[in-house]
file target38.txt (compact mmCIF, C-alpha atoms)
# COMPACT_ATOMS: atom_id res chain seq x y z
CA MET A 992 79.41 202.98 96.00
CA ASN A 993 82.85 202.56 97.56
CA GLU A 994 85.07 199.60 96.87
CA VAL A 995 85.75 198.46 100.43
CA SER A 996 87.74 195.25 100.90
CA ASN A 997 86.74 193.21 103.93
CA SER A 998 88.97 191.45 106.43
CA THR A 999 87.57 188.00 105.68
CA LEU A 1000 87.43 185.91 102.53
CA SER A 1001 84.65 183.54 101.54
CA TRP A 1002 83.24 182.12 98.33
CA LEU A 1003 80.61 179.72 97.06
CA ASP A 1004 82.02 176.55 95.53
CA SER A 1005 80.54 177.40 92.12
CA SER A 1006 83.66 178.24 90.16
CA GLU A 1007 87.01 176.45 90.18
CA HIS A 1008 88.66 179.56 88.75
CA GLU A 1009 87.32 181.70 91.60
CA ARG A 1010 88.46 179.16 94.17
CA ARG A 1011 91.99 179.08 92.78
CA THR A 1012 92.04 182.88 92.59
CA VAL A 1013 91.19 183.15 96.28
CA LEU A 1014 93.91 180.64 97.21
CA GLN A 1015 96.47 182.60 95.22
CA LEU A 1016 95.32 185.82 96.89
CA VAL A 1017 95.77 184.29 100.33
CA SER A 1018 99.23 183.14 99.33
CA ALA A 1019 100.14 186.57 98.00
CA LEU A 1020 99.15 188.18 101.28
CA ASN A 1021 101.84 186.11 102.98
CA GLU A 1022 104.60 187.09 100.54
CA PRO A 1023 106.77 190.17 101.11
CA GLY A 1024 106.42 193.09 98.76
CA THR A 1025 102.99 192.19 97.37
CA LEU A 1026 100.79 194.76 99.15
CA ASP A 1027 98.38 196.24 96.61
CA GLU A 1028 97.27 199.40 98.41
CA LEU A 1029 95.92 201.05 95.25
CA GLY A 1030 93.87 198.08 94.05
CA ILE A 1031 95.27 197.45 90.57
CA GLY A 1032 95.92 193.73 91.12
CA SER A 1033 93.12 192.74 88.75
CA ILE A 1034 94.74 194.73 85.92
CA ARG A 1035 98.18 193.34 86.71
CA ASP A 1036 96.87 189.78 86.74
CA THR A 1037 94.97 190.22 83.48
CA PHE A 1038 98.15 191.37 81.78
CA SER A 1039 100.01 188.44 83.35
CA ASP A 1040 97.44 185.90 82.14
CA ALA A 1041 97.55 187.30 78.61
CA LEU A 1042 101.33 187.33 78.40
CA PHE A 1043 102.03 184.13 80.33
CA PRO A 1044 98.86 181.99 80.42
CA GLY A 1045 98.73 179.08 82.82
CA THR A 1046 101.23 180.62 85.23
CA SER A 1047 100.82 182.03 88.72
CA THR A 1048 102.98 183.76 91.31
CA ILE A 1049 103.13 180.63 93.47
CA GLN A 1050 104.34 178.23 90.79
CA THR A 1051 107.99 177.29 90.96
CA ARG A 1052 109.30 174.77 88.40
CA ALA A 1053 108.11 173.41 85.06
CA ARG A 1054 108.17 169.73 85.90
CA TYR A 1055 105.31 170.19 88.37
CA PHE A 1056 103.13 170.45 85.24
CA LEU A 1057 103.97 166.75 84.82
CA PHE A 1058 104.29 165.77 88.49
CA VAL A 1059 100.64 166.60 89.08
CA PRO A 1060 99.24 164.50 86.19
CA TRP A 1061 101.53 161.61 87.09
CA ILE A 1062 100.32 161.64 90.68
CA MET A 1063 96.70 161.86 89.62
CA GLN A 1064 97.14 158.98 87.19
CA MET A 1065 98.54 156.92 90.07
CA VAL A 1066 95.51 157.87 92.16
CA GLU A 1067 93.17 156.91 89.33
CA ALA A 1068 94.82 153.51 89.05
CA SER A 1069 94.71 152.82 92.79
CA SER A 1070 92.00 151.05 94.76
CA THR A 1071 92.22 153.41 97.72
CA PRO A 1072 88.89 154.51 99.23
CA ASN A 1073 90.26 158.00 99.99
CA HIS A 1074 91.68 159.51 96.81
CA ALA A 1075 92.44 162.91 98.36
CA ASN A 1076 94.57 161.43 101.13
CA HIS A 1077 96.36 159.18 98.67
CA ALA A 1078 97.18 162.17 96.46
CA ARG A 1079 98.58 164.08 99.44
CA TRP A 1080 100.66 161.07 100.49
CA LEU A 1081 102.15 160.79 96.99
CA GLN A 1082 102.88 164.53 96.95
CA LEU A 1083 104.61 164.25 100.30
CA GLN A 1084 106.78 161.47 98.86
CA LEU A 1085 107.54 163.77 95.94
CA ARG A 1086 108.47 166.59 98.30
CA ASN A 1087 110.86 164.32 100.19
CA ALA A 1088 112.51 163.15 96.97
CA LEU A 1089 112.95 166.72 95.69
CA VAL A 1090 114.39 167.92 99.01
CA GLU A 1091 116.97 165.16 98.77
CA SER A 1092 117.86 165.74 95.12
CA HIS A 1093 117.87 169.55 95.25
CA VAL A 1094 119.58 170.40 98.52
CA GLY A 1095 119.52 174.14 99.07
CA GLU A 1096 117.87 174.87 95.70
CA PRO A 1097 114.66 176.92 95.42
CA GLY A 1098 111.40 175.63 94.04
CA VAL A 1099 110.52 172.63 96.23
CA ILE A 1100 106.91 173.07 97.28
CA GLY A 1101 106.60 172.22 100.98
CA ARG A 1102 110.33 172.15 101.70
CA GLU A 1103 109.78 173.76 105.11
CA ALA A 1104 106.15 172.85 105.81
CA GLY A 1105 106.35 169.14 105.05
CA ALA A 1106 103.10 167.36 105.91
CA ASN A 1107 101.69 170.65 107.27
CA LEU A 1108 101.62 172.11 103.77
CA GLN A 1109 98.50 174.20 103.16
CA ARG A 1110 98.73 174.46 99.36
CA TRP A 1111 99.75 171.24 97.69
CA PRO A 1112 101.24 171.05 94.19
CA HIS A 1113 97.93 169.92 92.71
CA ASP A 1114 96.29 173.07 94.16
CA ILE A 1115 98.94 175.33 92.67
CA TYR A 1116 99.08 173.75 89.20
CA TRP A 1117 95.47 172.62 88.72
CA LEU A 1118 94.42 175.65 86.69
CA GLY A 1119 97.71 175.71 84.79
CA THR A 1120 97.35 172.11 83.65
CA ALA A 1121 93.92 172.96 82.21
CA SER A 1122 95.14 176.19 80.62
CA TRP A 1123 97.93 174.35 78.81
CA GLY A 1124 95.59 171.58 77.68
CA ILE A 1125 97.27 168.96 79.84
CA ARG A 1126 94.21 168.36 82.01
CA ARG A 1127 90.92 167.61 80.27
CA TYR A 1128 88.80 167.01 83.34
CA PRO A 1129 86.94 170.36 83.67
CA GLY A 1130 86.01 170.49 87.32
CA SER A 1131 87.53 171.28 90.69
CA ILE A 1132 89.87 169.00 92.62
CA PRO A 1133 87.12 167.90 95.08
CA ALA A 1134 84.83 167.11 92.13
CA TYR A 1135 87.64 165.21 90.45
CA PHE A 1136 88.20 163.03 93.50
CA GLU A 1137 84.46 162.49 93.83
CA SER A 1138 84.29 161.37 90.21
CA LEU A 1139 86.86 158.68 90.92
CA ARG A 1140 84.45 157.13 93.41
CA HIS A 1141 81.95 156.62 90.58
CA PRO A 1142 83.90 155.43 87.52
CA SER A 1143 80.79 155.16 85.36
CA PHE A 1144 80.27 158.92 85.77
CA ARG A 1145 83.88 160.02 85.12
CA VAL A 1146 84.15 162.77 82.59
CA ARG A 1147 86.49 161.72 79.81
CA PHE A 1148 87.66 163.87 76.94
CA GLY A 1149 89.08 162.52 73.70
CA ARG A 1150 88.71 165.68 71.59
CA ALA A 1151 91.74 167.80 70.74
CA LEU A 1152 91.74 171.46 71.75
CA GLU A 1153 92.63 172.28 68.16
CA GLU A 1154 92.81 170.32 64.94
CA PRO A 1155 95.75 167.93 65.06
CA VAL A 1156 98.91 169.30 63.45
CA GLU A 1157 101.08 167.00 61.37
CA GLY A 1158 104.07 165.84 63.36
CA ARG A 1159 102.51 166.68 66.71
CA ARG A 1160 101.24 164.14 69.16
CA ASP A 1161 97.69 164.35 70.36
CA GLU A 1162 95.79 161.80 72.35
CA ALA A 1163 92.63 162.30 70.31
CA SER A 1164 94.40 161.39 67.08
CA GLU A 1165 95.34 158.06 68.68
CA GLY A 1166 91.77 157.39 69.73
CA VAL A 1167 92.65 157.32 73.43
CA ALA A 1168 90.32 159.12 75.84
CA GLY A 1169 91.36 160.29 79.29
CA ASN A 1170 91.57 163.05 81.83
CA TRP A 1171 95.14 163.87 80.76
CA ALA A 1172 96.35 164.75 77.26
CA ASN A 1173 98.90 162.06 76.35
CA VAL A 1174 101.27 162.99 79.16
CA PRO A 1175 104.75 161.45 78.77
CA ALA A 1176 105.18 158.26 80.77
CA ARG A 1177 106.24 158.84 84.35
CA PRO A 1178 109.58 157.42 85.49
CA ARG A 1179 109.29 153.95 87.00
CA ASP A 1180 110.64 155.04 90.39
CA PHE A 1181 108.45 158.16 90.67
CA PRO A 1182 107.69 159.72 93.17
CA ALA A 1183 110.25 158.03 95.45
CA ILE A 1184 112.98 159.48 93.20
CA ALA A 1185 112.43 162.79 91.41
CA THR A 1186 114.26 165.84 90.11
CA PHE A 1187 113.29 169.06 88.35
CA THR A 1188 115.29 168.10 85.25
CA LEU A 1189 113.05 167.64 82.23
CA SER A 1190 113.88 165.12 79.55
CA LEU A 1191 113.90 166.24 75.92
CA GLU A 1192 110.57 164.49 75.38
CA GLU A 1193 109.04 166.23 78.40
CA GLY A 1194 110.34 169.64 77.32
CA GLU A 1195 108.93 169.15 73.82
CA TYR A 1196 105.61 168.07 75.27
CA LEU A 1197 105.25 171.16 77.48
CA ARG A 1198 106.26 173.50 74.68
CA GLU A 1199 103.77 171.77 72.38
CA ARG A 1200 100.99 172.16 74.93
CA VAL A 1201 101.59 175.91 75.20
CA GLU A 1202 101.77 176.20 71.42
CA LEU A 1203 98.50 174.34 70.93
CA THR A 1204 96.56 176.32 73.52
CA HIS A 1205 98.15 179.80 73.47
CA SER A 1206 100.06 180.13 70.20
CA GLN A 1207 99.83 183.95 70.09
CA SER A 1208 101.06 184.50 73.64
CA PHE A 1209 104.48 185.86 74.53
CA LEU A 1210 105.10 182.68 76.52
CA ALA A 1211 104.68 180.56 73.38
CA HIS A 1212 106.97 182.92 71.45
CA ILE A 1213 109.68 182.66 74.12
CA LEU A 1214 109.52 178.86 74.10
CA ARG A 1215 109.82 178.89 70.29
CA HIS A 1216 112.57 181.44 69.80
CA SER A 1217 114.45 182.19 73.02
CA ARG A 1218 117.53 180.57 74.43
CA VAL A 1219 117.77 179.77 78.10
CA GLU A 1220 120.56 182.26 78.82
CA GLN A 1221 118.57 185.05 77.13
CA LEU A 1222 115.51 184.27 79.21
CA ARG A 1223 117.27 184.07 82.54
CA ALA A 1224 119.24 187.28 81.88
CA GLY A 1225 116.20 189.41 81.00
CA ARG A 1226 115.30 191.99 83.65
CA LEU A 1227 111.72 192.53 82.49
CA PRO A 1228 109.58 190.90 79.76
CA TRP A 1229 109.82 193.79 77.27
CA ASP A 1230 113.62 193.80 77.56
CA HIS A 1231 113.86 190.29 76.13
CA PRO A 1232 115.67 190.26 72.77
CA VAL A 1233 112.87 188.31 71.04
CA ALA A 1234 110.14 190.74 72.16
CA GLU A 1235 110.16 192.69 68.88
CA SER A 1236 109.66 189.54 66.80
CA ALA A 1237 106.61 188.37 68.76
CA SER A 1238 103.13 188.25 67.24
CA ALA A 1239 101.23 191.51 66.87
CA THR A 1240 98.93 190.36 69.66
CA ALA A 1241 101.80 189.67 72.04
CA ARG A 1242 103.55 192.94 71.14
CA ALA A 1243 100.40 194.92 71.89
CA TRP A 1244 100.06 193.29 75.30
CA LEU A 1245 103.76 193.85 76.02
CA ARG A 1246 103.64 197.53 75.06
CA ASP A 1247 100.58 198.20 77.19
CA ALA A 1248 102.01 196.21 80.10
CA GLN A 1249 105.27 198.16 79.99
CA LEU A 1250 103.62 201.58 79.92
CA PHE A 1251 101.06 200.67 82.56
CA SER A 1252 103.83 199.35 84.80
CA LEU A 1253 105.81 202.57 84.53
CA VAL A 1254 102.87 204.90 85.07
CA HIS A 1255 101.49 202.90 88.00
CA GLN A 1256 104.89 202.79 89.71
CA GLY A 1257 104.62 206.51 90.41
CA GLY A 1258 101.38 205.99 92.32
CA VAL A 1259 102.95 203.46 94.66
CA LEU A 1260 106.03 205.64 95.15
CA LEU A 1261 103.81 208.58 96.06
CA PHE A 1262 101.79 206.39 98.44
CA ASN A 1263 104.99 205.33 100.18
CA LEU A 1264 106.28 208.90 100.37
CA MET A 1265 103.00 210.06 101.94
CA LEU A 1266 103.06 207.17 104.41
CA ALA A 1267 106.68 207.91 105.35
CA GLU A 1268 105.75 211.55 106.00
CA LEU A 1269 102.89 210.50 108.28
CA LEU A 1270 105.09 208.01 110.14
CA GLY A 1271 107.86 210.54 110.58
CA ASP A 1272 110.23 208.14 108.81
CA GLU A 1273 112.74 210.66 107.48
CA SER A 1274 115.07 208.10 105.94
CA SER A 1275 112.28 206.50 103.89
CA GLU A 1276 110.90 209.93 103.07
CA ARG A 1277 114.22 210.93 101.46
CA ASP A 1278 114.47 207.57 99.69
CA TYR A 1279 111.01 207.72 98.12
CA SER A 1280 111.44 211.36 97.19
CA ASP A 1281 114.64 210.47 95.30
CA ARG A 1282 112.99 207.50 93.67
CA LEU A 1283 110.08 209.66 92.52
CA ALA A 1284 112.57 212.02 90.91
CA ASN A 1285 114.17 209.10 89.07
CA TRP A 1286 110.73 207.83 88.05
CA SER A 1287 109.84 211.26 86.66
CA ARG A 1288 112.94 211.13 84.46
CA ASP A 1289 111.90 207.70 83.19
CA VAL A 1290 108.43 209.05 82.38
CA ASP A 1291 109.95 212.01 80.55
CA ALA A 1292 112.17 209.65 78.54
CA LEU A 1293 109.07 207.83 77.28
CA GLY A 1294 107.06 211.03 76.83
CA THR A 1295 106.44 210.57 73.10
CA GLU A 1296 105.39 206.96 73.49
CA LEU A 1297 103.10 207.83 76.39
CA SER A 1298 101.46 210.59 74.37
CA ARG A 1299 100.74 208.11 71.57
CA TRP A 1300 99.53 205.36 73.88
CA ASP A 1301 96.18 204.05 72.66
CA ARG A 1302 94.66 203.45 76.06
CA ASP A 1303 91.18 202.83 74.65
CA SER A 1304 92.54 199.81 72.77
CA MET A 1305 94.30 198.66 75.92
CA TRP A 1306 91.09 198.82 77.93
CA ARG A 1307 89.18 196.93 75.24
CA ARG A 1308 91.74 194.13 75.37
CA LEU A 1309 91.72 194.08 79.16
CA HIS A 1310 87.93 194.00 79.41
CA HIS A 1311 87.68 191.33 76.73
CA ALA A 1312 90.17 189.18 78.65
CA ASN A 1313 88.62 189.98 82.04
CA PRO A 1314 85.03 191.31 81.94
CA ARG A 1315 85.05 191.54 85.75
CA LEU A 1316 87.41 194.50 85.87
CA ARG A 1317 85.71 197.12 88.03
CA PRO A 1318 84.82 200.51 86.52
CA ARG A 1319 86.32 202.31 89.52
CA THR A 1320 89.63 200.57 88.99
CA ARG A 1321 89.72 201.93 85.46
CA GLU A 1322 88.62 205.37 86.66
CA PHE A 1323 91.48 205.50 89.14
CA ALA A 1324 94.06 204.32 86.60
CA ASP A 1325 92.86 206.82 83.98
CA ARG A 1326 92.79 209.74 86.42
CA TRP A 1327 96.31 208.91 87.61
CA PHE A 1328 97.54 208.81 84.00
CA GLU A 1329 95.96 212.21 83.36
CA LEU A 1330 97.83 213.70 86.31
CA VAL A 1331 101.12 212.07 85.28
CA SER A 1332 100.87 213.19 81.67
CA ALA A 1333 99.54 216.73 82.26
CA PRO A 1334 101.99 219.18 80.62
CA GLY A 1335 103.84 221.53 82.96
CA SER A 1336 102.35 219.98 86.07
CA GLY A 1337 105.62 219.89 88.02
CA PRO A 1338 106.79 217.13 90.36
CA ILE A 1339 104.01 214.66 91.07
CA GLN A 1340 104.75 214.71 94.82
CA ASP A 1341 103.88 218.42 94.85
CA SER A 1342 100.48 217.84 93.25
CA GLN A 1343 97.65 218.08 95.76
CA ASP A 1344 95.34 216.46 93.21
CA ALA A 1345 97.68 213.45 92.97
CA ARG A 1346 97.93 213.16 96.74
CA ARG A 1347 94.17 213.43 97.11
CA LEU A 1348 93.60 210.77 94.44
CA VAL A 1349 95.96 208.30 96.13
CA ARG A 1350 94.50 208.98 99.59
CA GLU A 1351 90.90 208.62 98.42
CA ARG A 1352 91.66 205.47 96.45
CA GLU A 1353 93.10 203.74 99.48
CA ARG A 1354 90.19 204.86 101.66
CA ALA A 1355 87.66 203.60 99.08
CA LEU A 1356 89.36 200.21 99.07
CA LYS A 1357 90.10 199.78 102.76
CA GLY A 1358 87.74 201.99 104.75
CA VAL A 1359 88.90 202.55 108.33
CA ARG A 1360 92.00 200.43 107.69
CA ALA A 1361 93.37 203.03 105.25
CA ARG A 1362 96.76 204.06 106.59
CA LEU A 1363 96.91 207.42 104.85
CA SER A 1364 93.59 208.50 106.35
CA TYR A 1365 93.51 206.99 109.85
CA ALA A 1366 96.37 207.19 112.35
CA GLU A 1367 95.17 204.11 114.24
CA ALA A 1368 95.58 202.04 111.07
CA ARG A 1369 99.28 202.87 110.71
CA ASP A 1370 101.69 200.17 111.76
CA ARG A 1371 105.37 200.39 110.94
CA LYS A 1372 105.63 196.61 110.97
CA ARG A 1373 103.46 196.38 107.87
CA GLY A 1374 106.16 198.05 105.86
CA TYR A 1375 105.74 199.76 102.51
CA PRO A 1376 104.15 198.36 99.35
CA PHE A 1377 106.46 197.11 96.63
CA SER A 1378 107.39 200.14 94.52
CA GLY A 1379 109.30 198.58 91.65
CA LEU A 1380 108.00 198.08 88.16
CA LEU A 1381 105.29 195.47 87.73
CA GLU A 1382 106.96 192.38 86.25
CA TYR A 1383 103.83 190.29 85.53
CA ARG A 1384 105.16 186.96 86.91
CA TRP A 1385 108.42 187.33 85.01
CA THR A 1386 110.38 185.73 87.85
CA GLN A 1387 108.23 182.60 87.67
CA VAL A 1388 108.35 182.55 83.86
CA LYS A 1389 112.14 182.71 83.87
CA SER A 1390 112.21 179.65 86.13
CA ILE A 1391 109.53 177.60 84.37
CA GLY A 1392 110.50 178.66 80.84
CA GLY A 1393 114.17 178.18 81.67
CA ASP A 1394 113.49 174.59 82.73
CA ILE A 1395 111.77 173.86 79.41
CA LEU A 1396 114.41 175.58 77.28
CA SER A 1397 117.19 173.79 79.15
CA ALA A 1398 115.62 170.45 78.22
CA LEU A 1399 115.23 171.50 74.58
CA GLU A 1400 118.81 172.69 74.38
CA GLY A 1401 120.17 169.68 76.22
CA SER A 1402 121.79 171.88 78.85

call {"tool": "encode", "arguments": {"input": "target38.txt", "output": "structure tokens"}}
result
Amino acid sequence: MNEVSNSTLSWLDSSEHERRTVLQLVSALNEPGTLDELGIGSIRDTFSDALFPGTSTIQTRARYFLFVPWIMQMVEASSTPNHANHARWLQLQLRNALVESHVGEPGVIGREAGANLQRWPHDIYWLGTASWGIRRYPGSIPAYFESLRHPSFRVRFGRALEEPVEGRRDEASEGVAGNWANVPARPRDFPAIATFTLSLEEGEYLRERVELTHSQSFLAHILRHSRVEQLRAGRLPWDHPVAESASATARAWLRDAQLFSLVHQGGVLLFNLMLAELLGDESSERDYSDRLANWSRDVDALGTELSRWDRDSMWRRLHHANPRLRPRTREFADRWFELVSAPGSGPIQDSQDARRLVRERERALKGVRARLSYAEARDRKRGYPFSGLLEYRWTQVKSIGGDILSALEGS
């Protein structure tokens, strides 16, 4: 059975995780350089979730992990009959305050869209607040607002995610129940006045939340042991100077993520080369041919490590973290690795087996919209898929983690 992706998206409102996943997918389709023509996004995202839990590609700054609870607490305390509209109004106030305090800086959600914003901060950070143990209410945003209409049926949680640790705050240890886990008090003038600058208390709180919920993750390790300048200077996660001192679990995920990123890059480069040939784009054809040659040298440089790569262990970890990974996605990734690692196989762009695999994979995913197979599907305006190394949300982590580390360092 072919994996054919359709041109429309729909879902039953049975899973908040699925709903957020679809929203993030729609957002990704509107961002440059995120075309996933070979269908490995589920593997990429599983690595990303393991390394940097609670994050997403559409998150921007760390303080939104507090902005959202503060706004929801204000909604909870209000007597408004329409909680959803009140939340949007407060978020619009927040947007206006951030635009004023961060002129020309990135990270303000809705800077351009204003009241026409399609994805509000609470949409973007809802899953993250739960992942970090900040939000205890378990349901979707619509269900949350509905619960506020019936206070006697509100779901309240006063149990810690882990046993309390001496010296750490936890709402349960204070006997206080609520939808939010002892969030630091919001500023008195919020949201009319707001900045992205975290206080020391807020930075400690966010680091503590990650530590309590994901102590073995690379994100937790970075927040424990990195300095802000180290984090912001790192090109890719595995280049970070504290990578080697991470937990065994985090190191295993990092090693697999690095090797998978390198191997997969060749598939996208070959896809782009084949597309350039079909489009008669000689300049891009030369560019991707050169980049494939450079990629081949990088693969050769890691030849010993690739030959020792325990891919069975990698797949076990991936499937444990994400049981919904499709068998055909694994089959494609394994077959591509076999072609890349075959001794004496010559340049990958000269391999008819490699070209056939890439062409058939795209056709299985996209049917008649496959650009390598159908001339009528080719459109120069669509551009070429991103052909760099997978970074697993590293750009977002450098921003969010940098905000937290800056607060902890007082910088």

call {"tool": "closest_residue", "arguments": {"input": "target38.txt", "among": "A:Ala1248, A:Arg1354, A:Pro1112, A:Leu1399", "to": "Trp1300 in chain A", "atoms": "all atoms listed in the file"}}
result
A:Ala1248

call {"tool": "residues_around", "arguments": {"input": "target38.txt", "residues": "range 1337-1350 of chain A", "least_positions_apart": "2", "cutoff": "8 Å", "atoms": "all atoms listed in the file", "output": "PyMOL selection string"}}
result
chain A and resi 1029+1258+1261-1262+1265+1280+1283-1284+1287+1323+1327+1330-1331+1335+1352-1354+1363-1364

call {"tool": "closest_residue", "arguments": {"input": "target38.txt", "among": "A:Leu1108, A:Ala1241, A:Leu1380, A:Val1201", "to": "Asp1289 in chain A", "atoms": "all atoms listed in the file"}}
result
A:Leu1380

call {"tool": "residues_around", "arguments": {"input": "target38.txt", "residues": "range 1386-1388 of chain A", "least_positions_apart": "4", "cutoff": "12 Å", "atoms": "all atoms listed in the file", "output": "ChimeraX atom specification"}}
result
/A:1039-1040,1042-1053,1097-1098,1209-1211,1213-1214,1219,1222-1228,1381-1382,1392-1396

call {"tool": "write_last_selection", "arguments": {"input": "target38.txt", "atoms": "C-alpha atoms", "output": "tab-separated table (two decimals), in the coordinates of the input"}}
result
chain	number	residue	atom	x	y	z
A	1039	SER	CA	100.01	188.44	83.35
A	1040	ASP	CA	97.44	185.90	82.14
A	1042	LEU	CA	101.33	187.33	78.40
A	1043	PHE	CA	102.03	184.13	80.33
A	1044	PRO	CA	98.86	181.99	80.42
A	1045	GLY	CA	98.73	179.08	82.82
A	1046	THR	CA	101.23	180.62	85.23
A	1047	SER	CA	100.82	182.03	88.72
A	1048	THR	CA	102.98	183.76	91.31
A	1049	ILE	CA	103.13	180.63	93.47
A	1050	GLN	CA	104.34	178.23	90.79
A	1051	THR	CA	107.99	177.29	90.96
A	1052	ARG	CA	109.30	174.77	88.40
A	1053	ALA	CA	108.11	173.41	85.06
A	1097	PRO	CA	114.66	176.92	95.42
A	1098	GLY	CA	111.40	175.63	94.04
A	1209	PHE	CA	104.48	185.86	74.53
A	1210	LEU	CA	105.10	182.68	76.52
A	1211	ALA	CA	104.68	180.56	73.38
A	1213	ILE	CA	109.68	182.66	74.12
A	1214	LEU	CA	109.52	178.86	74.10
A	1219	VAL	CA	117.77	179.77	78.10
A	1222	LEU	CA	115.51	184.27	79.21
A	1223	ARG	CA	117.27	184.07	82.54
A	1224	ALA	CA	119.24	187.28	81.88
A	1225	GLY	CA	116.20	189.41	81.00
A	1226	ARG	CA	115.30	191.99	83.65
A	1227	LEU	CA	111.72	192.53	82.49
A	1228	PRO	CA	109.58	190.90	79.76
A	1381	LEU	CA	105.29	195.47	87.73
A	1382	GLU	CA	106.96	192.38	86.25
A	1392	GLY	CA	110.50	178.66	80.84
A	1393	GLY	CA	114.17	178.18	81.67
A	1394	ASP	CA	113.49	174.59	82.73
A	1395	ILE	CA	111.77	173.86	79.41
A	1396	LEU	CA	114.41	175.58	77.28

call {"tool": "atom_distance", "arguments": {"input": "target38.txt", "atom1": "CA of Trp1286 in chain A", "atom2": "CA of Gly1379 in chain A"}}
result
10.0 Å

call {"tool": "residues_around", "arguments": {"input": "target38.txt", "residues": "Val1059 in chain A", "least_positions_apart": "5", "cutoff": "9 Å", "atoms": "all atoms listed in the file", "output": "list in words"}}
result
Arg1054, Gln1064, Gln1082, Pro1112, His1113, Tyr1116, Trp1117 and Thr1120 of chain A

call {"tool": "atom_distance", "arguments": {"input": "target38.txt", "atom1": "CA of Pro1133 in chain A", "atom2": "CA of Gln1084 in chain A"}}
result
21.0 Å

call {"tool": "residues_around", "arguments": {"input": "target38.txt", "residues": "Leu1083 in chain A", "least_positions_apart": "3", "cutoff": "10 Å", "atoms": "only C-alpha atoms", "output": "NGL selection string"}}
result
:A and (1077-1080 or 1086-1089 or 1100-1102 or 1105-1108 or 1111-1112 or 1182-1183)

call {"tool": "atom_distance", "arguments": {"input": "target38.txt", "atom1": "CA of Ser1274 in chain A", "atom2": "CA of Ala1355 in chain A"}}
result
28.6 Å

call {"tool": "closest_residue", "arguments": {"input": "target38.txt", "among": "A:Ser1070, A:Gln1207, A:Thr1320, A:Gln1256", "to": "Gly1032 in chain A", "atoms": "all atoms listed in the file"}}
result
A:Thr1320

call {"tool": "residues_around", "arguments": {"input": "target38.txt", "residues": "Ala1366 in chain A", "least_positions_apart": "4", "cutoff": "12 Å", "atoms": "all atoms listed in the file", "output": "list in words"}}
result
Leu1266, Leu1269, Leu1270, Val1359, Arg1360, Ala1361, Arg1362, Asp1370 and Arg1371 of chain A

call {"tool": "closest_residue", "arguments": {"input": "target38.txt", "among": "A:Tyr1365, A:Ala1239, A:Phe1181, A:Leu1118", "to": "Ser1206 in chain A", "atoms": "all atoms listed in the file"}}
result
A:Ala1239

call {"tool": "axis_aligned_box", "arguments": {"input": "target38.txt", "around": "range 1221-1229 of chain A", "padding_each_side": "8 Å", "output": "AutoDock Vina command-line options"}}
result
--center_x 114.4 --center_y 188.9 --center_z 80.4 --size_x 25.7 --size_y 25.7 --size_z 22.5

call {"tool": "residues_near_point", "arguments": {"input": "target38.txt", "point": "(102.3, 204.6, 84.7)", "cutoff": "9 Å", "atoms": "only C-alpha atoms", "output": "PyMOL selection string"}}
result
chain A and resi 1249-1258+1290+1297+1324+1327-1328+1331

call {"tool": "closest_residue", "arguments": {"input": "target38.txt", "among": "A:Trp1061, A:Ala1075, A:Glu1192, A:Ser1332", "to": "Ala1134 in chain A", "atoms": "only C-alpha atoms"}}
result
A:Ala1075
